[in-house]
Every structure is written in C-alpha cells, then in structure tokens.
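Before any comments, here is the structure.
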Amino acid sequence: MRPTIRSATSLALAALVGVTATAAGAASARPDDVIPVPGATPPTIHISQETHAEGTGGPTGFHFTVSLSHPSDQPVSVDLVTTPGSATSPSDHQSVPATVVFAPGQTTADYVVSVVGDAVPEGDEEFVVEMSNAQGGTIVGGGGLGTILDDDGRGPGGFTTSWASVRHLVQLVLSLPA
Ligand SMILES: [Ca+2]
Ligand SMILES: [Ca+2]
C-alpha cells in the first residue's frame with residue numbers, strides 16, 4: 001500500500017530521505033515547506049546521560065552536556081528543567097529551570113544539577129532533565145537521565161529482596177519432581 005503523506009513535517013521528512021511525495025491526496029507544498037540546503041539545516045539538540053555517586057555531607061554537581069549536531073550561524077536556545085523519578089526535589093536534587101543559549105558557532109553547553117549528598121542508605125535514584133521550547137534547533141532523543149548511585153550502603157529492603165529471591169529459588173528446587 002502506498003503511504004499517505006499527512007503533514008508538512010512528513011512531507012519535509014519524505015523530501016529529506018529522497019522519497020518522492022507524489023502520493024494521491026498529499027498535502028501540497030507551501031512556501032514554508034522549503035527544505036534548507038545542507039549546511040544551513042538547523043542543528044539537532046542532544047543532552048547527555050549522567051551517572052555519579054551521590055556524595056555525602058554536601059552537594060554533588062551532575063554536569064549534563066547539552067550539544068548541537070553542528071554549529072549554527074544563528075543563536076540556538078532550549079529550556080531545561082528536571083522532572084523527578086525515584087529522585088525527588090528538593091530532598092534528592094535541586095530542580096532549577098534554566099534556558100541554555102548557544103551563541104553562533106557554539107556547540108556545547110553545561111547544565112549542572114545539584115544533587116543532595118546525605119549519609120542515608122536509600123538505593124540508587126533517578127531523575128530526568130527534560131528539554132523543551134527549542135529555538136533555532138530541533139530536540140532529538142529523550143531527556144537526560146541522571147542516575148544517583150547511593151554510596152551509603154544498601155537501602156532498606158535490598159537484602160530482604162535478595163533473601164526472598166533465594167528462598168523462592170530454594171522452594172522451587174525443592175518442589176521439582178524427582
Ligand atoms: Ca551519600
Ligand atoms: Ca544516600
């Protein structure tokens with residue numbers, strides 16, 4: 001079955017990958033559907049994943065790298081904010097919204113999330129740095145996953161879970177037919 005091109009975006013994508021957008025019922029190209037020539041294409045915006053030990057007795061900076069696929073001759077900006085996972089704010093990390101602005105030619109920028117370093121055994125925890133409202137570029141991929149490795153011993157339930165697994169395995173073996 002011939003695919004139907006439904007939107008201007010699909011049309012643009014089809015043009016980018018060399019597909020001829022002549023399907024019946026395809027949207028007609030408008031002036032703003034012009035495909036930029038290579039080199040003038042707005043860059044894509046990516047963010048790194050960071051995994052670090054929590055630290056104890058003070059904050060630990062998780063440095064996320066926000067990067068552009070290639071330099072742009074125009075300013076590029078993107079809004080950043082953390083969303084809680086198992087790590088919440090402000091008990092595990094500080095959620096501070098920010099706007100990162102890339103000057104023309106700049107391709108990397110730092111976004112630092114302050115993680116609370118305590119002495120509480122609590123297991124590894126996660127949060128995500130979400131990107132939104134990109135100007136001059138396109139957001140690609142999910143957010144930046146931040147993994148806080150606990151460095152205060154195994155959290156409550158850790159050994160309990162292990163022993164439960166061992167007990168289950170023993171029961172399984174004992175219950176197998178001879
Ligand atoms: Ca700690
Ligand atoms: Ca801890």
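How things are named: the first chain in the structure tokens is A, the next is B, and so on; residues count from 1 in each chain; ligands count from 1 in the order shown.
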Problem set entry | Protein and nucleic acid residues within 6 Å of ligand 2 (only C-alpha atoms and all ligand atoms) as a PyMOL selection string | chain A and resi 118-122+150+152
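Taking only C-alpha atoms and all ligand atoms into account, every polymer residue with at least one atom at most 12 Å away from ligand 1 is listed here: His52, Ala53, Glu54, Gly55, Thr56, Gly57, Gly58, Pro59, Thr60, Asp92, Val115, Val116, Gly117, Asp118, Ala119, Val120, Pro121, Glu122, Gly123, Asp124, Glu125, Ile148, Leu149, Asp150, Asp151, Asp152, Gly153, Arg154 and Gly155 of chain A.
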For this session: Could you tell me which of A:Gly61, A:Val113, A:Leu68, A:Ala98 comes closest to A:His46 if we count only C-alpha atoms?
Result: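 Among A:Gly61, A:Val113, A:Leu68, A:Ala98, it is A:Leu68 that comes nearest to A:His46.
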Exercise. Got a sec: who's within 10 Å of stretch 70-81 of chain A, counting only C-alpha atoms, leaving out chain neighbours fewer than 3 positions off, as a VMD selection string?
Worked result: chain A and resid 39 to 45 66 to 67 84 95 to 108 111 113 128 to 139 143 to 144
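Note that atom CA of A:Gln94 and atom CA of A:Ser69 are 28.3 Å apart.
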For this session: Excluding A:Phe127 and any residue of its chain fewer than 5 positions from it, enumerate the residues within 8 Å of it, using only C-alpha atoms, and give them as number ranges by chain.
Result: A: 82-88, 145-147
